[in-house]
$ cat data25.tsv   # TSV, C-alpha atoms and all ligand atoms
chain	number	residue	atom	x	y	z
A	52	MET	CA	45.51	-41.37	59.62
A	53	ALA	CA	42.62	-38.95	60.02
A	54	VAL	CA	39.03	-39.10	58.88
A	55	ALA	CA	37.97	-35.87	57.19
A	56	PHE	CA	34.66	-34.40	56.05
A	57	VAL	CA	34.86	-31.73	53.34
A	58	THR	CA	31.78	-29.80	52.22
A	59	GLY	CA	31.70	-28.65	48.60
A	60	GLY	CA	34.41	-31.15	47.69
A	61	THR	CA	33.27	-31.71	44.12
A	62	ARG	CA	35.34	-28.93	42.54
A	63	GLY	CA	37.40	-25.83	43.19
A	64	ILE	CA	39.05	-25.30	46.57
A	65	GLY	CA	37.13	-28.12	48.27
A	66	ARG	CA	38.21	-30.61	45.63
A	67	ALA	CA	41.86	-29.57	45.99
A	68	VAL	CA	41.57	-30.02	49.77
A	69	VAL	CA	40.06	-33.49	49.28
A	70	GLU	CA	42.87	-34.50	46.93
A	71	ALA	CA	45.54	-33.22	49.31
A	72	LEU	CA	44.01	-35.04	52.30
A	73	VAL	CA	43.72	-38.30	50.36
A	74	ALA	CA	47.31	-37.92	49.17
A	75	ARG	CA	48.53	-37.66	52.77
A	76	GLY	CA	46.69	-40.89	53.62
A	77	ASP	CA	43.46	-39.66	55.18
A	78	SER	CA	40.01	-41.14	54.62
A	79	VAL	CA	37.78	-38.44	53.19
A	80	VAL	CA	34.07	-37.87	52.76
A	81	LEU	CA	33.35	-35.20	50.15
A	82	THR	CA	29.98	-33.58	49.67
A	83	GLY	CA	28.14	-31.67	46.97
A	84	THR	CA	24.54	-31.02	46.05
A	85	SER	CA	23.97	-33.37	43.11
A	86	ASP	CA	24.41	-37.09	42.49
A	87	GLU	CA	26.23	-36.34	39.29
A	88	SER	CA	28.82	-33.92	40.71
A	89	VAL	CA	29.45	-36.07	43.77
A	90	GLN	CA	29.82	-39.30	41.78
A	91	ARG	CA	32.16	-37.66	39.30
A	92	ALA	CA	34.39	-36.28	42.03
A	93	GLU	CA	34.43	-39.50	44.04
A	94	THR	CA	35.47	-41.48	40.96
A	95	ALA	CA	38.13	-39.00	39.84
A	96	VAL	CA	39.73	-38.68	43.28
A	97	SER	CA	39.69	-42.46	43.81
A	98	LEU	CA	41.28	-43.10	40.41
A	99	ALA	CA	43.99	-40.49	40.97
A	100	ALA	CA	44.79	-41.98	44.37
A	101	HIS	CA	44.63	-45.58	43.04
A	102	ASP	CA	42.48	-46.26	46.10
A	103	ALA	CA	38.68	-46.36	46.23
A	104	THR	CA	38.57	-47.41	49.88
A	105	ARG	CA	39.38	-44.02	51.42
A	106	VAL	CA	37.10	-41.75	49.41
A	107	MET	CA	33.34	-41.50	49.74
A	108	GLY	CA	31.02	-38.98	48.10
A	109	VAL	CA	27.76	-38.03	49.80
A	110	VAL	CA	25.03	-35.78	48.43
A	111	CYS	CA	24.40	-33.18	51.10
A	112	ASP	CA	23.02	-29.67	50.86
A	113	VAL	CA	24.54	-27.80	53.79
A	114	ARG	CA	21.43	-25.59	53.99
A	115	ASP	CA	19.48	-28.60	55.23
A	116	GLY	CA	20.38	-29.55	58.80
A	117	GLY	CA	18.89	-33.05	58.45
A	118	SER	CA	20.90	-33.70	55.31
A	119	VAL	CA	24.08	-32.60	57.10
A	120	ARG	CA	23.43	-34.80	60.16
A	121	ARG	CA	22.81	-37.82	57.90
A	122	ALA	CA	26.02	-37.12	55.94
A	123	ILE	CA	28.14	-36.80	59.09
A	124	ASP	CA	26.61	-39.99	60.51
A	125	THR	CA	27.36	-41.78	57.23
A	126	ALA	CA	30.99	-40.64	57.42
A	127	VAL	CA	31.33	-41.84	61.00
A	128	GLN	CA	29.75	-45.20	60.23
A	129	ARG	CA	31.92	-45.75	57.17
A	130	PHE	CA	35.28	-44.76	58.66
A	131	GLY	CA	34.71	-45.28	62.40
A	132	GLY	CA	34.92	-41.68	63.58
A	133	LEU	CA	35.68	-38.11	62.59
A	134	ASP	CA	38.79	-35.95	63.09
A	135	VAL	CA	38.69	-33.09	60.60
A	136	VAL	CA	35.88	-30.95	59.19
A	137	VAL	CA	36.53	-28.51	56.36
A	138	ASN	CA	33.57	-26.16	55.89
A	139	ASN	CA	34.24	-25.05	52.34
A	140	ALA	CA	30.86	-25.09	50.54
A	141	GLY	CA	29.98	-21.57	49.55
A	142	VAL	CA	28.21	-19.50	46.95
A	143	GLY	CA	29.07	-16.09	45.56
A	144	VAL	CA	28.17	-12.51	45.06
A	145	GLY	CA	24.49	-11.56	45.04
A	146	GLY	CA	24.22	-8.00	43.68
A	147	PRO	CA	23.29	-4.51	44.85
A	148	ILE	CA	21.10	-4.55	47.95
A	149	ALA	CA	18.59	-2.12	46.40
A	150	THR	CA	17.56	-4.79	43.93
A	151	LEU	CA	18.70	-8.03	45.54
A	152	ASP	CA	16.07	-10.70	45.52
A	153	GLU	CA	15.32	-11.95	49.03
A	154	ALA	CA	15.70	-15.55	47.83
A	155	GLU	CA	19.28	-14.73	46.78
A	156	TRP	CA	19.99	-13.17	50.19
A	157	ASP	CA	18.66	-16.38	51.82
A	158	ARG	CA	20.74	-18.58	49.51
A	159	LEU	CA	23.94	-16.80	50.51
A	160	ILE	CA	23.21	-16.70	54.25
A	161	ASP	CA	21.87	-20.26	54.36
A	162	THR	CA	24.82	-21.74	52.47
A	163	ASN	CA	27.79	-19.70	53.69
A	164	LEU	CA	26.75	-19.21	57.31
A	165	THR	CA	23.91	-21.49	58.43
A	166	GLY	CA	25.51	-24.37	56.53
A	167	VAL	CA	28.64	-24.04	58.66
A	168	PHE	CA	26.53	-23.96	61.82
A	169	HIS	CA	24.80	-27.19	60.72
A	170	CYS	CA	28.09	-28.96	60.04
A	171	CYS	CA	29.80	-27.83	63.24
A	172	GLN	CA	26.85	-28.74	65.42
A	173	ALA	CA	26.57	-32.19	63.85
A	174	ALA	CA	30.33	-32.83	63.96
A	175	ILE	CA	31.33	-31.58	67.41
A	176	PRO	CA	30.01	-34.60	69.39
A	177	HIS	CA	31.95	-36.92	67.08
A	178	LEU	CA	35.14	-34.85	67.37
A	179	LYS	CA	34.77	-34.83	71.15
A	180	ALA	CA	34.33	-38.62	71.10
A	181	ARG	CA	37.81	-38.86	69.53
A	182	GLY	CA	39.30	-36.55	72.14
A	183	GLY	CA	39.47	-33.59	69.78
A	184	GLY	CA	39.95	-32.64	66.18
A	185	PHE	CA	40.15	-29.76	63.75
A	186	ILE	CA	37.51	-27.56	62.11
A	187	VAL	CA	38.70	-25.38	59.23
A	188	ASN	CA	36.26	-22.84	57.84
A	189	ILE	CA	36.94	-21.42	54.39
A	190	SER	CA	36.03	-17.77	54.69
A	191	SER	CA	37.24	-14.97	52.40
A	192	LEU	CA	39.14	-11.69	52.47
A	193	ALA	CA	35.75	-10.29	51.42
A	194	GLY	CA	34.80	-10.61	55.09
A	195	LYS	CA	37.01	-7.64	55.89
A	196	ASN	CA	37.47	-6.02	52.46
A	197	ALA	CA	33.85	-5.25	51.61
A	198	PHE	CA	32.96	-4.16	48.09
A	199	ALA	CA	29.92	-2.65	46.37
A	200	GLY	CA	27.59	-5.28	44.98
A	201	GLY	CA	28.84	-7.83	47.49
A	202	ALA	CA	27.06	-6.77	50.68
A	203	ALA	CA	25.32	-10.11	51.16
A	204	TYR	CA	28.41	-12.18	50.38
A	205	CYS	CA	30.72	-9.97	52.46
A	206	ALA	CA	28.27	-10.15	55.38
A	207	THR	CA	28.27	-13.96	55.27
A	208	LYS	CA	32.05	-14.07	55.37
A	209	ALA	CA	32.37	-11.40	58.10
A	210	GLY	CA	29.81	-13.42	60.04
A	211	LEU	CA	31.76	-16.59	59.43
A	212	ASP	CA	34.95	-14.94	60.73
A	213	ALA	CA	33.16	-14.01	63.98
A	214	PHE	CA	31.52	-17.43	64.22
A	215	SER	CA	34.90	-19.10	63.83
A	216	GLU	CA	36.57	-16.96	66.52
A	217	ALA	CA	33.77	-17.64	69.00
A	218	LEU	CA	33.61	-21.35	68.24
A	219	MET	CA	37.38	-21.58	68.62
A	220	GLN	CA	37.00	-20.31	72.19
A	221	GLU	CA	34.02	-22.58	72.92
A	222	VAL	CA	35.66	-25.89	72.01
A	223	ARG	CA	39.39	-25.37	72.54
A	224	TYR	CA	39.39	-27.19	75.91
A	225	ASP	CA	37.71	-30.16	74.25
A	226	GLY	CA	40.83	-30.50	72.14
A	227	ILE	CA	39.06	-29.15	69.06
A	228	ARG	CA	41.00	-26.51	67.17
A	229	VAL	CA	39.05	-24.10	64.96
A	230	ALA	CA	40.69	-22.02	62.26
A	231	HIS	CA	39.38	-19.92	59.41
A	232	VAL	CA	41.23	-19.42	56.15
A	233	CYS	CA	40.59	-16.21	54.22
A	234	PRO	CA	41.66	-16.41	50.58
A	235	GLY	CA	41.75	-13.56	48.09
A	236	SER	CA	40.96	-14.31	44.45
A	237	VAL	CA	41.28	-17.98	43.53
A	238	ALA	CA	41.03	-19.26	39.95
A	239	THR	CA	37.99	-21.54	40.26
A	240	GLY	CA	34.54	-21.65	38.72
A	241	PHE	CA	33.16	-19.76	41.72
A	242	ASN	CA	30.04	-17.69	41.06
A	243	ASN	CA	29.67	-19.30	37.62
A	244	ARG	CA	33.00	-17.95	36.36
A	245	ALA	CA	34.66	-20.05	33.71
A	246	PRO	CA	37.52	-21.67	35.66
A	247	GLU	CA	40.01	-21.04	32.87
A	248	ALA	CA	39.03	-17.37	32.66
A	249	GLY	CA	41.15	-16.65	35.74
A	250	ALA	CA	44.36	-14.78	35.11
A	251	ASP	CA	47.77	-16.16	36.04
A	252	TRP	CA	47.98	-13.75	38.94
A	253	LYS	CA	45.23	-15.52	40.88
A	254	LEU	CA	45.77	-18.12	43.56
A	255	HIS	CA	45.20	-21.72	42.59
A	256	ALA	CA	42.87	-23.95	44.59
A	257	GLU	CA	45.93	-26.04	45.50
A	258	ASP	CA	47.49	-23.01	47.22
A	259	VAL	CA	44.54	-22.84	49.61
A	260	ALA	CA	44.63	-26.61	50.11
A	261	ALA	CA	48.30	-26.33	51.06
A	262	VAL	CA	47.37	-23.85	53.79
A	263	VAL	CA	44.72	-26.23	55.13
A	264	LEU	CA	47.19	-29.10	55.25
A	265	HIS	CA	49.77	-26.93	56.92
A	266	LEU	CA	47.25	-25.99	59.61
A	267	LEU	CA	46.45	-29.64	60.26
A	268	SER	CA	50.13	-30.46	60.65
A	269	HIS	CA	50.69	-27.94	63.45
A	270	PRO	CA	51.49	-29.52	66.81
A	271	ALA	CA	48.52	-29.82	69.18
A	272	ARG	CA	49.82	-26.91	71.28
A	273	SER	CA	49.66	-24.52	68.33
A	274	LEU	CA	46.71	-22.91	66.59
A	275	PRO	CA	47.03	-20.39	63.75
A	276	SER	CA	43.36	-19.50	64.14
A	277	ARG	CA	43.09	-17.08	61.21
A	278	VAL	CA	45.12	-17.32	58.04
A	279	GLU	CA	44.96	-14.85	55.14
A	280	ILE	CA	46.24	-15.90	51.74
A	281	ARG	CA	46.25	-13.55	48.79
A	282	PRO	CA	47.76	-13.40	45.31
A	283	ALA	CA	51.34	-12.19	45.62
A	284	GLN	CA	51.07	-9.82	42.65
A	285	PRO	CA	47.52	-8.81	41.78
A	286	PRO	CA	47.07	-6.28	38.96
A	287	ARG	CA	48.06	-2.77	40.10
A	288	LYS	CA	45.09	-0.47	40.70
A	301	LIG	N1	37.16	-18.66	44.33
A	301	LIG	C1	37.49	-17.58	45.04
A	301	LIG	O1	37.99	-16.56	44.49
A	301	LIG	C2	37.28	-17.57	46.54
A	301	LIG	C3	37.92	-16.56	47.29
A	301	LIG	C4	37.75	-16.54	48.67
A	301	LIG	C5	36.95	-17.48	49.28
A	301	LIG	N2	36.33	-18.45	48.54
A	301	LIG	C6	35.50	-19.42	49.25
A	301	LIG	O2	35.97	-20.73	49.02
A	301	LIG	C7	34.89	-21.66	49.06
A	301	LIG	C8	34.96	-22.54	47.81
A	301	LIG	O3	34.94	-21.69	46.68
A	301	LIG	P1	35.30	-22.23	45.22
A	301	LIG	O4	35.88	-21.08	44.50
A	301	LIG	O5	36.06	-23.51	45.29
A	301	LIG	O6	33.81	-22.50	44.66
A	301	LIG	P2	33.26	-23.47	43.50
A	301	LIG	O7	34.33	-23.87	42.57
A	301	LIG	O8	32.05	-22.76	42.97
A	301	LIG	O9	32.78	-24.77	44.32
A	301	LIG	C9	31.74	-24.65	45.26
A	301	LIG	C10	31.52	-25.98	45.93
A	301	LIG	O10	30.49	-25.79	46.92
A	301	LIG	C11	29.48	-26.76	46.71
A	301	LIG	N3	28.20	-26.22	47.14
A	301	LIG	C12	27.57	-25.10	46.70
A	301	LIG	N4	26.41	-24.94	47.36
A	301	LIG	C13	26.32	-25.97	48.24
A	301	LIG	C14	25.37	-26.36	49.21
A	301	LIG	N5	24.24	-25.66	49.42
A	301	LIG	N6	25.58	-27.49	49.92
A	301	LIG	C15	26.72	-28.21	49.73
A	301	LIG	N7	27.66	-27.89	48.84
A	301	LIG	C16	27.45	-26.78	48.10
A	301	LIG	C17	29.55	-27.13	45.25
A	301	LIG	O11	29.07	-28.43	45.07
A	301	LIG	P3	28.11	-28.91	43.84
A	301	LIG	O12	28.36	-27.99	42.70
A	301	LIG	O13	28.50	-30.30	43.57
A	301	LIG	O14	26.76	-28.78	44.39
A	301	LIG	C18	31.06	-27.07	44.99
A	301	LIG	O15	31.65	-28.28	45.39
A	301	LIG	C19	33.63	-20.84	49.20
A	301	LIG	O16	33.21	-20.84	50.55
A	301	LIG	C20	34.04	-19.43	48.79
A	301	LIG	O17	33.27	-18.43	49.41
A	301	LIG	C21	36.48	-18.52	47.18
$ encode --input "data25.tsv" --output "structure tokens" --more "lines below"
Ligand SMILES: NC(=O)c1ccc[n+]([C@@H]2O[C@H](COP(=O)([O-])OP(=O)(O)OC[C@H]3O[C@@H](n4cnc5c(N)ncnc54)[C@H](OP(=O)(O)O)[C@@H]3O)[C@@H](O)[C@H]2O)c1
Amino acid sequence: MAVAFVTGGTRGIGRAVVEALVARGDSVVLTGTSDESVQRAETAVSLAAHDATRVMGVVCDVRDGGSVRRAIDTAVQRFGGLDVVVNNAGVGVGGPIATLDEAEWDRLIDTNLTGVFHCCQAAIPHLKARGGGFIVNISSLAGKNAFAGGAAYCATKAGLDAFSEALMQEVRYDGIRVAHVCPGSVATGFNNRAPEAGADWKLHAEDVAAVVLHLLSHPARSLPSRVEIRPAQPPRK
């Protein structure tokens, strides 16, 4: 069974990925930014799995490279290695560029893009030590379908798409497969939305988790390196 590291695993898509990985028998380290959110998620996932030995929560802000290195080292020490990294932590839409606060621009870039760089750089030596592994980056259809008011967010996701393609080529001969998953609208609490406010037409976090698990189950010779998943029937425009 694999050892997986999932950023932003306390709720939403990351949490659904954590639950799916634990259900298939993996050992999983989930991260979030606060003691409270991480503890709550670790306890809930452990209880649901009837197994506290394969789930560990670690407080780790992906914007902080030192925090990420410590979290990855903790995962490796606890479970003896690392096989799968899911870079899911992300934050949402900033606002029109004309009035966007620079701190908000930094928050989006540092979390959605630099955070992934931190995690990949810290994880790659450990994946190589196992003879390979899988990195899945949760991007967004916003990376190619830009929209007004989302310039900063869309730029982070377009950047993440390019980062993922390049990294895929850099590490493929080390046995490390890199894929990015681009969801459309998912019914989560993203960007401070009320989770239940999502309409029935939206994807569920579990739908995205199913794609991640499907990717991981591909034979070693195969790499669907970019996957788009969108609601089947969004409201007509
Ligand atoms: N929801 C959508 O419609 C949608 C569509 C396409 C793509 N996506 C992408 O999917 C990913 C997950 O979205 P979601 O909807 O599941 O969001 P969510 O429900 O808001 O959850 C975000 C997660 O990221 C964590 N997080 C936020 N900032 C962090 C940081 N600096 N360091 C570490 N963890 C951090 C949060 O942890 P704590 O709260 O515990 O700190 C939480 O676990 C994001 O990358 C997003 O861009 C979402």
$ closest_residue --input "data25.tsv" --among "A:Met219, A:Cys170, A:Val263, A:Val113" --to "A:Gly65" --atoms "all atoms listed in the file"
A:Val263
$ closest_atom_pairs --input "data25.tsv" --of "chain A" --to "ligand LIG 301 (chain A)" --cutoff "6 Å" --atoms "all atoms listed in the file" --output "Markdown table"
| residue | atom | partner | partner_atom | distance |
| --- | --- | --- | --- | --- |
| A:Thr58 | CA | A:LIG301 | N7 | 5.7 |
| A:Gly59 | CA | A:LIG301 | O15 | 3.2 |
| A:Gly60 | CA | A:LIG301 | O15 | 4.6 |
| A:Thr61 | CA | A:LIG301 | O15 | 4.0 |
| A:Arg62 | CA | A:LIG301 | O15 | 4.7 |
| A:Gly63 | CA | A:LIG301 | O5 | 3.4 |
| A:Ile64 | CA | A:LIG301 | O5 | 3.7 |
| A:Gly65 | CA | A:LIG301 | O5 | 5.6 |
| A:Gly83 | CA | A:LIG301 | O13 | 3.7 |
| A:Thr84 | CA | A:LIG301 | O14 | 3.6 |
| A:Ser85 | CA | A:LIG301 | O13 | 5.5 |
| A:Ser88 | CA | A:LIG301 | O13 | 4.6 |
| A:Val89 | CA | A:LIG301 | O13 | 5.9 |
| A:Cys111 | CA | A:LIG301 | C15 | 5.7 |
| A:Asp112 | CA | A:LIG301 | N6 | 3.5 |
| A:Val113 | CA | A:LIG301 | N6 | 4.0 |
| A:Arg114 | CA | A:LIG301 | N5 | 5.4 |
| A:Asn139 | CA | A:LIG301 | O16 | 4.7 |
| A:Ala140 | CA | A:LIG301 | O10 | 3.7 |
| A:Gly141 | CA | A:LIG301 | O16 | 3.5 |
| A:Val142 | CA | A:LIG301 | C12 | 5.6 |
| A:Thr162 | CA | A:LIG301 | N5 | 5.0 |
| A:Ile189 | CA | A:LIG301 | O16 | 5.4 |
| A:Ser190 | CA | A:LIG301 | C5 | 5.5 |
| A:Ser191 | CA | A:LIG301 | C5 | 4.0 |
| A:Pro234 | CA | A:LIG301 | C4 | 4.4 |
| A:Gly235 | CA | A:LIG301 | C3 | 4.9 |
| A:Ser236 | CA | A:LIG301 | O1 | 3.7 |
| A:Val237 | CA | A:LIG301 | O1 | 3.7 |
| A:Ala238 | CA | A:LIG301 | N1 | 5.9 |
| A:Thr239 | CA | A:LIG301 | O4 | 4.8 |
| A:Gly240 | CA | A:LIG301 | O7 | 4.4 |
| A:Phe241 | CA | A:LIG301 | O8 | 3.4 |
| A:Asn242 | CA | A:LIG301 | O8 | 5.8 |
$ residues_around --input "data25.tsv" --residues "A:Ser268" --least-positions-apart "6" --cutoff "12 Å" --atoms "all atoms listed in the file" --output "PyMOL selection string"
chain A and resi 52-53+72+75+135+184-185+228+261-262+274-275
$ residues_around --input "data25.tsv" --residues "stretch 99-110 of chain A" --least-positions-apart "4" --cutoff "9 Å" --atoms "all atoms listed in the file" --output "VMD selection string"
chain A and resid 54 60 to 61 69 to 70 73 to 74 76 to 86 88 to 95 118 122 125 to 126 129 to 130
$ write_last_selection --input "data25.tsv" --atoms "C-alpha atoms" --output "short mmCIF file (atom, residue, chain, number, x, y, z; two decimals), in the coordinates of the input"
data_model
loop_
_atom_site.label_atom_id
_atom_site.label_comp_id
_atom_site.auth_asym_id
_atom_site.auth_seq_id
_atom_site.Cartn_x
_atom_site.Cartn_y
_atom_site.Cartn_z
CA VAL A 54 39.03 -39.10 58.88
CA GLY A 60 34.41 -31.15 47.69
CA THR A 61 33.27 -31.71 44.12
CA VAL A 69 40.06 -33.49 49.28
CA GLU A 70 42.87 -34.50 46.93
CA VAL A 73 43.72 -38.30 50.36
CA ALA A 74 47.31 -37.92 49.17
CA GLY A 76 46.69 -40.89 53.62
CA ASP A 77 43.46 -39.66 55.18
CA SER A 78 40.01 -41.14 54.62
CA VAL A 79 37.78 -38.44 53.19
CA VAL A 80 34.07 -37.87 52.76
CA LEU A 81 33.35 -35.20 50.15
CA THR A 82 29.98 -33.58 49.67
CA GLY A 83 28.14 -31.67 46.97
CA THR A 84 24.54 -31.02 46.05
CA SER A 85 23.97 -33.37 43.11
CA ASP A 86 24.41 -37.09 42.49
CA SER A 88 28.82 -33.92 40.71
CA VAL A 89 29.45 -36.07 43.77
CA GLN A 90 29.82 -39.30 41.78
CA ARG A 91 32.16 -37.66 39.30
CA ALA A 92 34.39 -36.28 42.03
CA GLU A 93 34.43 -39.50 44.04
CA THR A 94 35.47 -41.48 40.96
CA ALA A 95 38.13 -39.00 39.84
CA SER A 118 20.90 -33.70 55.31
CA ALA A 122 26.02 -37.12 55.94
CA THR A 125 27.36 -41.78 57.23
CA ALA A 126 30.99 -40.64 57.42
CA ARG A 129 31.92 -45.75 57.17
CA PHE A 130 35.28 -44.76 58.66
#
$ closest_residue --input "data25.tsv" --among "A:Asn243, A:Ser276, A:Thr150, A:Asn196" --to "A:Ala217" --atoms "all atoms listed in the file"
A:Ser276
$ closest_residue --input "data25.tsv" --among "A:Cys205, A:Ala256, A:Cys171, A:Ala180" --to "A:Trp156" --atoms "all atoms listed in the file"
A:Cys205
$ residues_around --input "data25.tsv" --residues "A:Gly194" --least-positions-apart "6" --cutoff "7 Å" --atoms "only C-alpha atoms" --output "compact mmCIF listing (two decimals) with C-alpha atoms, in the coordinates of the input"
# COMPACT_ATOMS: atom_id res chain seq x y z
CA CYS A 205 30.72 -9.97 52.46
CA ALA A 206 28.27 -10.15 55.38
CA LYS A 208 32.05 -14.07 55.37
CA ALA A 209 32.37 -11.40 58.10
$ residues_near_point --input "data25.tsv" --point "(44.6, -28.9, 73.4)" --cutoff "7 Å" --atoms "only C-alpha atoms" --output "list in words"
Arg223, Tyr224, Gly226, Ala271 and Arg272 of chain A
$ atom_distance --input "data25.tsv" --atom1 "atom CA of A:Val137" --atom2 "atom CA of A:Leu151"
29.2 Å
$ closest_residue --input "data25.tsv" --among "A:Ala202, A:Val222, A:Leu211, A:Ile123" --to "A:Asn163" --atoms "all atoms listed in the file"
A:Leu211
$ closest_residue --input "data25.tsv" --among "A:Glu279, A:Glu87, A:Asp124, A:Asp258" --to "A:Ala173" --atoms "only C-alpha atoms"
A:Asp124
$ atom_distance --input "data25.tsv" --atom1 "atom CA of A:Pro286" --atom2 "atom CA of A:Gly145"
24.0 Å
